[in-house]
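J.: Compact mmCIF, C-alpha atoms (C1' of nucleotides), file my_file_8.txt:
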```txt
# COMPACT_ATOMS: atom_id res chain seq x y z
CA MET A 724 157.17 80.50 116.03
CA SER A 725 156.97 77.77 118.62
CA GLU A 726 156.53 74.15 117.72
CA ASP A 727 153.11 73.93 119.31
CA GLU A 728 152.05 77.00 117.41
CA ARG A 729 152.94 75.59 114.04
CA LEU A 730 151.38 72.27 114.99
CA TRP A 731 148.17 73.95 116.01
CA ASP A 732 147.98 75.92 112.78
CA ASP A 733 148.09 72.61 110.98
CA VAL A 734 145.36 71.14 113.13
CA VAL A 735 143.19 74.18 112.48
CA ALA A 736 143.76 73.95 108.75
CA LEU A 737 143.02 70.24 108.74
CA HIS A 738 139.88 70.75 110.78
CA ALA A 739 138.55 73.55 108.63
CA ARG A 740 139.14 71.67 105.44
CA VAL A 741 137.58 68.39 106.49
CA GLU A 742 134.65 69.83 108.43
CA GLY A 743 133.88 72.03 105.46
CA ASP A 744 133.71 69.04 103.17
CA LEU A 745 131.61 67.07 105.61
CA GLY A 746 129.15 69.87 106.20
CA ALA A 747 128.77 70.67 102.52
CA GLU A 748 128.17 67.07 101.58
CA LEU A 749 125.66 66.43 104.37
CA ALA A 750 123.76 69.60 103.53
CA ARG A 751 123.75 68.90 99.82
CA ARG A 752 122.71 65.27 99.96
CA HIS A 753 120.60 65.09 103.10
CA GLY A 754 119.71 68.64 104.05
CA LEU A 755 121.44 68.11 107.36
CA GLY A 756 123.89 70.34 109.17
CA LEU A 757 126.89 68.91 110.92
CA SER A 758 125.46 69.70 114.36
CA GLU A 759 122.15 68.08 113.49
CA TYR A 760 123.92 65.03 112.20
CA ARG A 761 126.00 64.70 115.33
CA ALA A 762 123.03 65.28 117.60
CA LEU A 763 121.09 62.56 115.81
CA GLY A 764 124.05 60.27 116.19
CA HIS A 765 124.18 60.78 119.93
CA LEU A 766 120.43 60.33 120.25
CA ALA A 767 120.45 57.18 118.15
CA ALA A 768 123.19 55.71 120.30
CA ALA A 769 121.54 56.64 123.58
CA GLU A 770 119.46 54.40 125.77
CA LYS A 771 115.89 54.47 124.43
CA GLY A 772 116.97 57.04 121.88
CA GLU A 773 116.56 59.91 124.30
CA LEU A 774 118.80 62.43 126.00
CA ARG A 775 118.26 65.29 128.37
CA MET A 776 118.89 68.66 126.76
CA SER A 777 121.89 69.25 128.97
CA GLU A 778 123.33 65.84 128.13
CA LEU A 779 122.87 66.57 124.47
CA ALA A 780 124.65 69.88 124.95
CA THR A 781 127.77 68.31 126.37
CA ALA A 782 127.61 65.49 123.84
CA VAL A 783 127.67 67.79 120.83
CA GLY A 784 129.86 70.39 122.49
CA LEU A 785 127.47 73.32 122.33
CA ASN A 786 125.99 75.42 125.09
CA GLN A 787 122.43 75.00 126.20
CA SER A 788 120.88 77.83 124.27
CA SER A 789 122.37 76.54 121.05
CA VAL A 790 121.01 73.11 121.81
CA THR A 791 117.54 74.45 122.42
CA ARG A 792 117.55 75.79 118.87
CA LEU A 793 119.27 72.75 117.44
CA ALA A 794 116.57 70.58 118.99
CA THR A 795 113.90 72.87 117.59
CA ARG A 796 115.28 72.28 114.12
CA LEU A 797 115.14 68.54 114.73
CA TYR A 798 111.54 68.78 115.97
CA ASP A 799 110.53 70.87 112.96
CA ALA A 800 112.11 68.36 110.61
CA GLY A 801 110.37 65.48 112.38
CA TYR A 802 113.61 63.84 113.41
CA ALA A 803 112.96 64.15 117.13
CA VAL A 804 110.20 64.96 119.58
CA ARG A 805 110.11 66.63 122.97
CA ASP A 806 109.22 64.58 125.96
CA LEU A 807 108.77 65.73 129.51
CA CYS A 808 110.89 64.22 132.19
CA PRO A 809 108.53 62.48 134.62
CA ASP A 810 110.59 62.79 137.77
CA ASP A 811 111.97 66.28 137.20
CA LYS A 812 109.53 68.72 135.76
CA ARG A 813 112.34 71.05 134.70
CA GLY A 814 113.83 68.40 132.48
CA ILE A 815 113.16 67.82 128.79
CA TYR A 816 114.05 64.77 126.79
CA ALA A 817 114.82 64.97 123.11
CA VAL A 818 113.73 61.65 121.64
CA ILE A 819 114.78 60.53 118.20
CA THR A 820 111.98 59.40 115.87
CA ASP A 821 112.02 56.62 113.32
CA ALA A 822 112.39 59.24 110.62
CA GLY A 823 115.37 60.59 112.51
CA ARG A 824 116.99 57.19 112.74
CA THR A 825 116.46 56.59 109.06
CA ARG A 826 117.84 59.95 108.08
CA HIS A 827 120.83 59.50 110.28
CA ALA A 828 121.58 56.06 108.90
CA GLU A 829 121.49 57.40 105.36
CA ALA A 830 123.62 60.38 106.25
CA GLN A 831 126.11 58.21 108.07
CA ARG A 832 127.06 56.50 104.84
CA THR A 833 127.72 59.86 103.25
CA TYR A 834 129.60 61.03 106.30
CA ARG A 835 131.92 58.06 106.39
CA ARG A 836 132.61 58.13 102.71
CA THR A 837 133.22 61.87 102.69
CA LEU A 838 135.47 61.66 105.71
CA THR A 839 137.86 59.16 104.22
CA THR A 840 137.80 60.95 100.90
CA ALA A 841 138.56 64.29 102.52
CA LEU A 842 141.33 62.89 104.69
CA ASP A 843 142.93 61.27 101.68
CA ALA A 844 142.60 64.44 99.64
CA VAL A 845 144.22 66.50 102.36
CA ALA A 846 147.04 64.02 102.66
CA GLU A 847 147.63 64.19 98.95
CA GLU A 848 147.71 67.97 98.83
CA SER A 849 149.99 68.62 101.75
CA PRO A 850 152.89 66.38 102.76
CA ARG A 851 152.95 68.13 106.09
CA LEU A 852 149.32 67.36 106.86
CA ALA A 853 149.84 63.88 105.48
CA SER A 854 152.44 63.12 108.11
CA LEU A 855 150.16 64.66 110.71
CA LEU A 856 147.37 62.36 109.67
CA GLY A 857 149.64 59.39 109.57
CA ALA A 858 150.65 60.08 113.14
CA LEU A 859 147.04 60.43 114.18
CA ARG A 860 145.97 57.23 112.57
CA SER A 861 148.79 55.23 114.04
CA ALA A 862 148.22 56.73 117.46
CA LEU A 863 144.86 55.07 117.86
CA VAL A 864 145.13 51.40 117.28
CA MET B 1261 132.03 53.05 114.05
CA SER B 1262 135.02 53.21 111.76
CA GLU B 1263 138.47 54.05 113.01
CA ASP B 1264 138.63 57.27 111.03
CA GLU B 1265 135.30 58.28 112.44
CA ARG B 1266 136.37 57.89 116.03
CA LEU B 1267 139.64 59.59 115.26
CA TRP B 1268 137.89 62.52 113.69
CA ASP B 1269 135.54 62.91 116.63
CA ASP B 1270 138.61 63.28 118.80
CA VAL B 1271 140.13 65.86 116.50
CA VAL B 1272 136.88 67.83 116.54
CA ALA B 1273 136.70 67.70 120.31
CA LEU B 1274 140.31 68.75 120.66
CA HIS B 1275 139.83 71.58 118.20
CA ALA B 1276 136.71 72.89 119.87
CA ARG B 1277 138.23 72.84 123.29
CA VAL B 1278 141.50 74.55 122.42
CA GLU B 1279 140.08 77.10 120.01
CA GLY B 1280 137.49 77.98 122.58
CA ASP B 1281 140.16 78.69 125.17
CA LEU B 1282 142.26 80.67 122.70
CA GLY B 1283 139.36 82.79 121.53
CA ALA B 1284 138.11 83.50 125.01
CA GLU B 1285 141.50 84.53 126.26
CA LEU B 1286 142.29 86.76 123.29
CA ALA B 1287 138.91 88.44 123.55
CA ARG B 1288 139.16 88.93 127.27
CA ARG B 1289 142.69 90.26 127.41
CA HIS B 1290 143.09 92.01 124.09
CA GLY B 1291 139.62 92.48 122.65
CA LEU B 1292 140.67 90.46 119.66
CA GLY B 1293 138.85 87.62 117.91
CA LEU B 1294 140.71 84.57 116.71
CA SER B 1295 140.23 85.53 113.07
CA GLU B 1296 141.45 89.05 113.70
CA TYR B 1297 144.47 87.72 115.53
CA ARG B 1298 145.34 85.35 112.73
CA ALA B 1299 144.80 87.98 110.07
CA LEU B 1300 147.14 90.34 111.88
CA GLY B 1301 149.68 87.56 112.12
CA HIS B 1302 149.63 86.98 108.38
CA LEU B 1303 149.82 90.67 107.66
CA ALA B 1304 152.69 91.18 110.08
CA ALA B 1305 154.62 88.38 108.45
CA ALA B 1306 153.93 89.54 104.92
CA GLU B 1307 156.26 91.54 102.74
CA LYS B 1308 155.76 95.23 103.62
CA GLY B 1309 152.98 94.21 105.99
CA GLU B 1310 150.44 94.11 103.23
CA LEU B 1311 148.29 91.45 101.57
CA ARG B 1312 145.69 91.47 98.84
CA MET B 1313 142.22 90.72 100.14
CA SER B 1314 142.14 87.44 98.28
CA GLU B 1315 145.52 86.42 99.67
CA LEU B 1316 144.33 87.23 103.14
CA ALA B 1317 141.25 85.13 102.54
CA THR B 1318 143.19 82.01 101.67
CA ALA B 1319 145.68 82.71 104.45
CA VAL B 1320 143.07 82.79 107.18
CA GLY B 1321 140.83 80.19 105.53
CA LEU B 1322 137.72 82.32 105.09
CA ASN B 1323 135.86 83.26 101.98
CA GLN B 1324 136.14 86.67 100.44
CA SER B 1325 132.99 88.15 101.86
CA SER B 1326 134.00 87.21 105.37
CA VAL B 1327 137.39 88.77 104.83
CA THR B 1328 135.86 92.00 103.62
CA ARG B 1329 134.11 92.26 106.98
CA LEU B 1330 137.08 91.03 108.94
CA ALA B 1331 139.23 93.71 107.31
CA THR B 1332 136.59 96.33 108.10
CA ARG B 1333 136.86 95.41 111.76
CA LEU B 1334 140.62 95.82 111.54
CA TYR B 1335 140.27 99.22 109.86
CA ASP B 1336 137.78 100.37 112.45
CA ALA B 1337 140.08 99.30 115.26
CA GLY B 1338 143.01 101.07 113.64
CA TYR B 1339 145.01 97.88 113.19
CA ALA B 1340 145.11 98.08 109.41
CA VAL B 1341 144.39 100.47 106.56
CA ARG B 1342 143.11 100.01 103.04
CA ASP B 1343 145.44 100.75 100.18
CA LEU B 1344 144.67 100.67 96.50
CA CYS B 1345 146.65 98.43 94.27
CA PRO B 1346 148.46 100.66 91.76
CA ASP B 1347 148.70 98.22 88.87
CA ASP B 1348 145.27 96.61 89.20
CA LYS B 1349 142.51 99.01 90.05
CA ARG B 1350 140.30 96.17 91.24
CA GLY B 1351 142.76 95.16 93.90
CA ILE B 1352 142.86 96.26 97.52
CA TYR B 1353 145.71 95.85 99.93
CA ALA B 1354 145.13 95.50 103.64
CA VAL B 1355 148.18 97.03 105.32
CA ILE B 1356 148.96 96.49 108.97
CA THR B 1357 149.58 99.63 111.05
CA ASP B 1358 152.04 100.10 113.88
CA ALA B 1359 149.14 99.80 116.30
CA GLY B 1360 148.26 96.53 114.63
CA ARG B 1361 151.78 95.19 114.98
CA THR B 1362 151.89 96.21 118.61
CA ARG B 1363 148.54 94.65 119.39
CA HIS B 1364 149.49 91.45 117.63
CA ALA B 1365 152.79 91.19 119.45
CA GLU B 1366 151.03 91.57 122.78
CA ALA B 1367 148.35 89.08 121.85
CA GLN B 1368 150.89 86.60 120.60
CA ARG B 1369 152.28 86.18 124.07
CA THR B 1370 148.80 85.40 125.36
CA TYR B 1371 148.15 83.09 122.44
CA ARG B 1372 151.29 81.05 122.97
CA ARG B 1373 150.83 80.77 126.67
CA THR B 1374 147.17 79.84 126.36
CA LEU B 1375 147.90 77.30 123.67
CA THR B 1376 150.37 75.31 125.69
CA THR B 1377 148.21 75.59 128.78
CA ALA B 1378 145.16 74.36 126.91
CA LEU B 1379 147.02 71.50 125.26
CA ASP B 1380 148.38 70.39 128.58
CA ALA B 1381 144.99 70.66 130.23
CA VAL B 1382 143.37 68.58 127.51
CA ALA B 1383 146.08 65.97 127.81
CA GLU B 1384 145.54 65.78 131.52
CA GLU B 1385 141.78 65.37 131.26
CA SER B 1386 141.66 62.71 128.58
CA PRO B 1387 144.21 59.94 128.16
CA ARG B 1388 142.87 59.37 124.69
CA LEU B 1389 143.46 62.94 123.60
CA ALA B 1390 146.78 62.89 125.39
CA SER B 1391 148.03 60.10 123.17
CA LEU B 1392 146.63 61.94 120.17
CA LEU B 1393 148.59 65.01 121.12
CA GLY B 1394 151.68 63.03 121.80
CA ALA B 1395 151.49 61.60 118.32
CA LEU B 1396 150.99 65.02 116.83
CA ARG B 1397 153.88 66.54 118.67
CA SER B 1398 156.24 63.77 117.74
CA ALA B 1399 155.12 63.85 114.13
CA LEU B 1400 156.56 67.28 113.56
CA VAL B 1401 160.15 67.38 114.50
C1' DG C 831 138.61 98.17 69.45
C1' DT C 832 134.75 95.81 70.98
C1' DA C 833 132.30 91.94 72.91
C1' DA C 834 132.46 88.02 75.97
C1' DG C 835 134.10 86.16 79.79
C1' DT C 836 136.97 86.26 84.07
C1' DT C 837 138.70 88.12 88.36
C1' DG C 838 138.63 91.05 92.71
C1' DG C 839 135.86 92.85 95.96
C1' DT C 840 131.45 94.26 98.37
C1' DT C 841 126.60 93.87 99.81
C1' DG C 842 121.98 91.42 100.98
C1' DC C 843 120.30 87.80 103.23
C1' DA C 844 119.99 83.55 105.93
C1' DT C 845 121.95 80.77 109.50
C1' DG C 846 124.30 79.06 113.51
C1' DT C 847 126.34 80.23 117.69
C1' DA C 848 127.35 82.53 122.31
C1' DC C 849 126.16 85.40 126.23
C1' DA C 850 122.96 87.34 129.38
C1' DA C 851 118.56 87.58 131.41
C1' DG C 852 114.45 85.37 132.54
C1' DC C 853 111.07 81.67 134.12
C1' DT C 854 110.03 77.43 136.34
C1' DT C 855 111.18 73.72 139.28
C1' DC C 856 113.95 71.50 142.63
C1' DT C 857 116.76 71.23 147.07
C1' DA C 858 118.95 72.59 151.61
C1' DG C 859 118.85 74.75 155.72
C1' DC C 860 116.26 76.36 159.11
C1' DG D 830 106.83 73.80 155.48
C1' DC D 831 109.27 78.21 154.11
C1' DT D 832 112.65 80.57 152.08
C1' DA D 833 117.08 81.24 149.58
C1' DG D 834 119.58 79.71 146.22
C1' DA D 835 120.75 76.30 142.50
C1' DA D 836 119.60 73.83 138.24
C1' DG D 837 117.26 73.14 133.63
C1' DC D 838 115.65 75.22 129.83
C1' DT D 839 114.08 79.10 126.75
C1' DT D 840 114.15 83.74 124.77
C1' DG D 841 116.35 88.32 123.33
C1' DT D 842 120.09 90.02 121.20
C1' DA D 843 124.50 90.46 118.94
C1' DC D 844 127.69 88.84 115.74
C1' DA D 845 130.68 86.11 112.60
C1' DT D 846 130.27 83.41 108.70
C1' DG D 847 128.76 81.46 104.04
C1' DC D 848 126.31 81.78 99.68
C1' DA D 849 124.47 84.22 95.92
C1' DA D 850 124.05 88.30 93.44
C1' DC D 851 126.23 92.25 92.11
C1' DC D 852 129.52 95.93 90.15
C1' DA D 853 133.86 97.35 88.44
C1' DA D 854 138.12 96.40 86.17
C1' DC D 855 140.90 93.42 83.53
C1' DT D 856 141.92 89.98 79.61
C1' DT D 857 141.22 87.37 75.55
C1' DA D 858 139.51 86.50 70.98
C1' DC D 859 137.93 88.09 67.07
```
Output the structure of this file as structure tokens.
T.:
Amino acid sequence: MSEDERLWDDVVALHARVEGDLGAELARRHGLGLSEYRALGHLAAAEKGELRMSELATAVGLNQSSVTRLATRLYDAGYAVRDLCPDDKRGIYAVITDAGRTRHAEAQRTYRRTLTTALDAVAEESPRLASLLGALRSALV
Amino acid sequence: MSEDERLWDDVVALHARVEGDLGAELARRHGLGLSEYRALGHLAAAEKGELRMSELATAVGLNQSSVTRLATRLYDAGYAVRDLCPDDKRGIYAVITDAGRTRHAEAQRTYRRTLTTALDAVAEESPRLASLLGALRSALV
DNA sequence: GTAAGTTGGTTGCATGTACAAGCTTCTAGC
DNA sequence: GCTAGAAGCTTGTACATGCAACCAACTTAC
């Protein structure tokens, strides 16, 4: 097996483990999926709290059809509303609501806590992943 | 935003990008999903080419129900067969076939090539991810 | 040796995603 | 200003996955 191959297996394992923890915790405590959480984060950070559907798609790393449905879930939950784009009638803005901002802020605390907990847990279980994580953390100063 | 948070966003982006490329290429050239490919890899490497369903589940990082269906796809494609466990009548072995070994060996070449290509492409596009990758690669000597 | 609980695996159902096809609106070229 | 094509978004469909419920086989305690 090549070096890259083994490395990538580790990345995949790390990713699956941590994302699983994050998703489970967000769902359990806030009724929020990981994609919803991330979408809200991008909206909250955006100018005027709004993003074109296509911008949202690239931001969360999904294709447009997935984002249409993701946005629908946000609308249904009251975390965002649709707004028409005045200068391009094809365009749709997803705009975060106050409820959405509140929910995201709550969830963010859970997210951050869970993330560090999960990373630490992974590091404790696997020396190999621990060194991987150490390298990652020191890479970004 | 915390350091870990930004770091994890990068890991997620890296993961999505590379796994996407790997999956697309395996599907296009070999009609194989990423999970199928990885399952075949574990089976091929296992003693006698066989694994209990539960072992396969932990190996590929899916839960049991997903592995039941994954194995069914392998049976249907002729890449594996079911075998009963002689000493525990609850147990089922998934056993890789010659066709399965052949298919995996072919796909492995694609996988390896695509992996390095994708990693290099990512590194070229984003200096940030490039340094992340550099750290990862140097972490595992 | 039987009852209670555990383990291994499958099935029903809900969900999240991608791909392809479609509709509407915009833009270039003429 | 028309027309051909591109761009933005939605809808139809297929599918892989997780969770919960389930059945069958094993184990433990009495």
J.: Since chain A and chain B share a sequence, can you fit the second onto the first over all C-alpha atoms in order and output it as a CSV table (one decimal) with C-alpha atoms, keeping the file's coordinate frame?
T.:
```
chain,number,residue,atom,x,y,z
B,1261,MET,CA,157.1,80.6,116.0
B,1262,SER,CA,156.9,77.8,118.6
B,1263,GLU,CA,156.5,74.2,117.7
B,1264,ASP,CA,153.1,74.0,119.3
B,1265,GLU,CA,152.0,77.0,117.4
B,1266,ARG,CA,152.9,75.6,114.1
B,1267,LEU,CA,151.4,72.3,115.0
B,1268,TRP,CA,148.1,74.0,116.0
B,1269,ASP,CA,147.9,75.9,112.8
B,1270,ASP,CA,148.1,72.6,111.0
B,1271,VAL,CA,145.3,71.1,113.1
B,1272,VAL,CA,143.2,74.2,112.5
B,1273,ALA,CA,143.7,74.0,108.8
B,1274,LEU,CA,143.0,70.3,108.7
B,1275,HIS,CA,139.9,70.8,110.8
B,1276,ALA,CA,138.5,73.5,108.6
B,1277,ARG,CA,139.1,71.7,105.4
B,1278,VAL,CA,137.6,68.4,106.5
B,1279,GLU,CA,134.6,69.8,108.4
B,1280,GLY,CA,133.9,72.0,105.5
B,1281,ASP,CA,133.7,69.0,103.2
B,1282,LEU,CA,131.6,67.1,105.6
B,1283,GLY,CA,129.1,69.9,106.2
B,1284,ALA,CA,128.8,70.7,102.5
B,1285,GLU,CA,128.1,67.1,101.6
B,1286,LEU,CA,125.6,66.4,104.4
B,1287,ALA,CA,123.8,69.6,103.5
B,1288,ARG,CA,123.7,68.9,99.8
B,1289,ARG,CA,122.7,65.3,100.0
B,1290,HIS,CA,120.6,65.1,103.1
B,1291,GLY,CA,119.7,68.6,104.0
B,1292,LEU,CA,121.4,68.1,107.3
B,1293,GLY,CA,123.9,70.3,109.2
B,1294,LEU,CA,126.9,68.9,110.9
B,1295,SER,CA,125.5,69.7,114.3
B,1296,GLU,CA,122.2,68.1,113.5
B,1297,TYR,CA,123.9,65.0,112.2
B,1298,ARG,CA,126.0,64.7,115.3
B,1299,ALA,CA,123.0,65.3,117.6
B,1300,LEU,CA,121.1,62.5,115.8
B,1301,GLY,CA,124.0,60.2,116.2
B,1302,HIS,CA,124.2,60.8,119.9
B,1303,LEU,CA,120.4,60.3,120.2
B,1304,ALA,CA,120.4,57.2,118.1
B,1305,ALA,CA,123.2,55.7,120.3
B,1306,ALA,CA,121.5,56.6,123.6
B,1307,GLU,CA,119.5,54.4,125.8
B,1308,LYS,CA,115.9,54.5,124.4
B,1309,GLY,CA,117.0,57.1,121.9
B,1310,GLU,CA,116.5,59.9,124.3
B,1311,LEU,CA,118.8,62.4,126.0
B,1312,ARG,CA,118.3,65.3,128.4
B,1313,MET,CA,118.9,68.7,126.8
B,1314,SER,CA,121.9,69.2,129.0
B,1315,GLU,CA,123.4,65.8,128.1
B,1316,LEU,CA,122.9,66.5,124.4
B,1317,ALA,CA,124.7,69.8,124.9
B,1318,THR,CA,127.8,68.3,126.3
B,1319,ALA,CA,127.6,65.5,123.8
B,1320,VAL,CA,127.7,67.7,120.8
B,1321,GLY,CA,129.9,70.4,122.5
B,1322,LEU,CA,127.5,73.3,122.3
B,1323,ASN,CA,126.0,75.4,125.0
B,1324,GLN,CA,122.5,75.0,126.2
B,1325,SER,CA,121.0,77.8,124.3
B,1326,SER,CA,122.4,76.5,121.0
B,1327,VAL,CA,121.1,73.1,121.8
B,1328,THR,CA,117.6,74.5,122.4
B,1329,ARG,CA,117.6,75.8,118.9
B,1330,LEU,CA,119.3,72.8,117.4
B,1331,ALA,CA,116.6,70.6,119.0
B,1332,THR,CA,113.9,72.9,117.6
B,1333,ARG,CA,115.3,72.3,114.1
B,1334,LEU,CA,115.1,68.6,114.8
B,1335,TYR,CA,111.5,68.8,116.0
B,1336,ASP,CA,110.5,70.9,113.0
B,1337,ALA,CA,112.1,68.4,110.6
B,1338,GLY,CA,110.4,65.5,112.4
B,1339,TYR,CA,113.6,63.8,113.4
B,1340,ALA,CA,113.0,64.1,117.1
B,1341,VAL,CA,110.2,65.0,119.6
B,1342,ARG,CA,110.1,66.6,123.0
B,1343,ASP,CA,109.2,64.6,126.0
B,1344,LEU,CA,108.8,65.7,129.5
B,1345,CYS,CA,110.9,64.2,132.2
B,1346,PRO,CA,108.5,62.5,134.7
B,1347,ASP,CA,110.6,62.8,137.8
B,1348,ASP,CA,112.0,66.3,137.3
B,1349,LYS,CA,109.5,68.7,135.8
B,1350,ARG,CA,112.3,71.0,134.7
B,1351,GLY,CA,113.8,68.4,132.5
B,1352,ILE,CA,113.2,67.8,128.8
B,1353,TYR,CA,114.1,64.8,126.8
B,1354,ALA,CA,114.8,65.0,123.1
B,1355,VAL,CA,113.7,61.6,121.6
B,1356,ILE,CA,114.8,60.5,118.2
B,1357,THR,CA,112.0,59.4,115.9
B,1358,ASP,CA,112.0,56.6,113.3
B,1359,ALA,CA,112.4,59.3,110.6
B,1360,GLY,CA,115.4,60.6,112.5
B,1361,ARG,CA,117.0,57.2,112.7
B,1362,THR,CA,116.4,56.6,109.1
B,1363,ARG,CA,117.8,60.0,108.1
B,1364,HIS,CA,120.9,59.5,110.3
B,1365,ALA,CA,121.6,56.1,108.9
B,1366,GLU,CA,121.5,57.4,105.4
B,1367,ALA,CA,123.6,60.4,106.2
B,1368,GLN,CA,126.1,58.2,108.1
B,1369,ARG,CA,127.1,56.5,104.8
B,1370,THR,CA,127.7,59.9,103.2
B,1371,TYR,CA,129.6,61.0,106.3
B,1372,ARG,CA,131.9,58.1,106.4
B,1373,ARG,CA,132.6,58.1,102.7
B,1374,THR,CA,133.2,61.9,102.7
B,1375,LEU,CA,135.5,61.7,105.7
B,1376,THR,CA,137.9,59.2,104.2
B,1377,THR,CA,137.8,61.0,100.9
B,1378,ALA,CA,138.6,64.3,102.5
B,1379,LEU,CA,141.3,62.9,104.7
B,1380,ASP,CA,142.9,61.3,101.7
B,1381,ALA,CA,142.6,64.4,99.6
B,1382,VAL,CA,144.2,66.5,102.4
B,1383,ALA,CA,147.0,64.0,102.7
B,1384,GLU,CA,147.6,64.2,99.0
B,1385,GLU,CA,147.7,68.0,98.8
B,1386,SER,CA,150.0,68.6,101.8
B,1387,PRO,CA,152.9,66.4,102.8
B,1388,ARG,CA,153.0,68.1,106.1
B,1389,LEU,CA,149.3,67.3,106.9
B,1390,ALA,CA,149.9,63.9,105.5
B,1391,SER,CA,152.4,63.1,108.1
B,1392,LEU,CA,150.2,64.7,110.7
B,1393,LEU,CA,147.4,62.3,109.7
B,1394,GLY,CA,149.7,59.4,109.6
B,1395,ALA,CA,150.6,60.1,113.2
B,1396,LEU,CA,147.0,60.4,114.2
B,1397,ARG,CA,146.0,57.2,112.5
B,1398,SER,CA,148.8,55.2,114.1
B,1399,ALA,CA,148.2,56.7,117.5
B,1400,LEU,CA,144.8,55.1,117.8
B,1401,VAL,CA,145.1,51.4,117.3
```
J.: Would you mind listing what lies within 10 Å of D:DA833 as an MDAnalysis selection string, with only C-alpha atoms (C1' of nucleotides) counted and same-chain residues fewer than 2 positions away left out?
T.: (chainID C and resid 858:859) or (chainID D and resid 831 835)
J.: Could you list the residues in chain D lying within 8 Å of chain B, using all atoms listed in the file, and format the result as a ChimeraX atom specification?
T.: /D:846-847,853-855
J.: Each residue of chain C lying at most 8 Å from chain B should get a row with its shortest atom-to-atom pair and the distance in Å to one decimal, counting all atoms listed in the file; could you produce that, ordered by chain and increasing number, as JSON lines?
T.:
```
{"residue": "C:DG838", "atom": "C1'", "partner": "B:Arg1350", "partner_atom": "CA", "distance": 5.6}
{"residue": "C:DG839", "atom": "C1'", "partner": "B:Arg1350", "partner_atom": "CA", "distance": 7.3}
{"residue": "C:DT840", "atom": "C1'", "partner": "B:Ser1325", "partner_atom": "CA", "distance": 7.2}
```
J.: Output the contact residues of chain B with respect to chain A at a cut-off of 7 Å, based on all atoms listed in the file, as a PDB file with C-alpha atoms, keeping the file's coordinate frame.
T.:
```
ATOM      1  CA  GLU B1265     135.300  58.280 112.440  1.00  0.00           C
ATOM      2  CA  ARG B1372     151.290  81.050 122.970  1.00  0.00           C
ATOM      3  CA  SER B1391     148.030  60.100 123.170  1.00  0.00           C
ATOM      4  CA  LEU B1392     146.630  61.940 120.170  1.00  0.00           C
ATOM      5  CA  ALA B1395     151.490  61.600 118.320  1.00  0.00           C
ATOM      6  CA  LEU B1396     150.990  65.020 116.830  1.00  0.00           C
ATOM      7  CA  ALA B1399     155.120  63.850 114.130  1.00  0.00           C
TER       8      ALA B1399
END
```
J.: Calculate how many Å separate atom CA of B:Gly1283 from atom CA of B:Ala1390, rounding to one decimal.
T.: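 Result for atom CA of B:Gly1283 versus atom CA of B:Ala1390: 21.6 Å, one decimal.
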J.: Compute the distance from (115.9, 56.2, 125.8) to each atom, counting all atoms listed in the file, keep the residues with any atom at most 12 Å away, and return them as a list in words; use the coordinates of the file.
T.: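 Protein and nucleic acid residues near the point are His765, Leu766, Ala767, Ala768, Ala769, Glu770, Lys771, Gly772, Glu773, Leu774, Arg775, Asp806, Cys808, Tyr816, Ala817, Val818, Ile819 and Thr820 of chain A.
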J.: Can you pull out the residues contacting B:Leu1300? Cut-off 9 Å, using all atoms listed in the file, and skip same-chain residues under 5 positions away; I want them as a count of residues only.
T.: 10
J.: Got a sec to check which residues sit within 8 Å of (122.1, 88.2, 124.1), counting all atoms listed in the file, and write them as a list in words?
T.: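 Output: DA848, DC849 and DA850 of chain C; DG841, DT842 and DA843 of chain D.
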J.: Please report the interatomic distance between atom CA of A:Ala747 and atom CA of A:Thr840 in Å with one decimal.
T.: 13.4 Å
J.: For atom CA of A:Ala830 and atom C1' of C:DA844, quote the distance in Å rounded to one decimal.
T.: 23.5 Å
J.: Could you tell me which of B:Ala1365, B:Leu1344, B:Leu1282, B:Leu1316 comes closest to B:Leu1294 if we count only C-alpha atoms?
T.: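 The answer is B:Leu1282, which sits nearest to B:Leu1294.
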J.: Stretch 768-775 of chain A from the block above, N, CA and C atoms, as a compact mmCIF listing (two decimals), in the first residue's frame, please?
T.:
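out.txt, freshly written:
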```
# COMPACT_ATOMS: atom_id res chain seq x y z
N ALA A 768 -22.86 34.60 8.63
CA ALA A 768 -21.63 35.35 8.41
C ALA A 768 -21.70 36.24 7.18
N ALA A 769 -22.72 36.03 6.36
CA ALA A 769 -22.78 36.76 5.09
C ALA A 769 -23.31 38.17 5.29
N GLU A 770 -22.93 39.00 4.38
CA GLU A 770 -23.45 40.36 4.29
C GLU A 770 -24.98 40.34 4.33
N LYS A 771 -25.57 41.08 5.27
CA LYS A 771 -27.02 41.15 5.39
C LYS A 771 -27.69 39.80 5.65
N GLY A 772 -26.88 38.81 6.01
CA GLY A 772 -27.45 37.51 6.33
C GLY A 772 -28.09 36.80 5.17
N GLU A 773 -27.68 37.13 3.96
CA GLU A 773 -28.32 36.50 2.80
C GLU A 773 -27.29 36.03 1.79
N LEU A 774 -27.67 34.98 1.07
CA LEU A 774 -26.78 34.36 0.08
C LEU A 774 -27.63 33.84 -1.06
N ARG A 775 -27.13 34.00 -2.26
CA ARG A 775 -27.78 33.38 -3.40
C ARG A 775 -27.72 31.86 -3.23
```
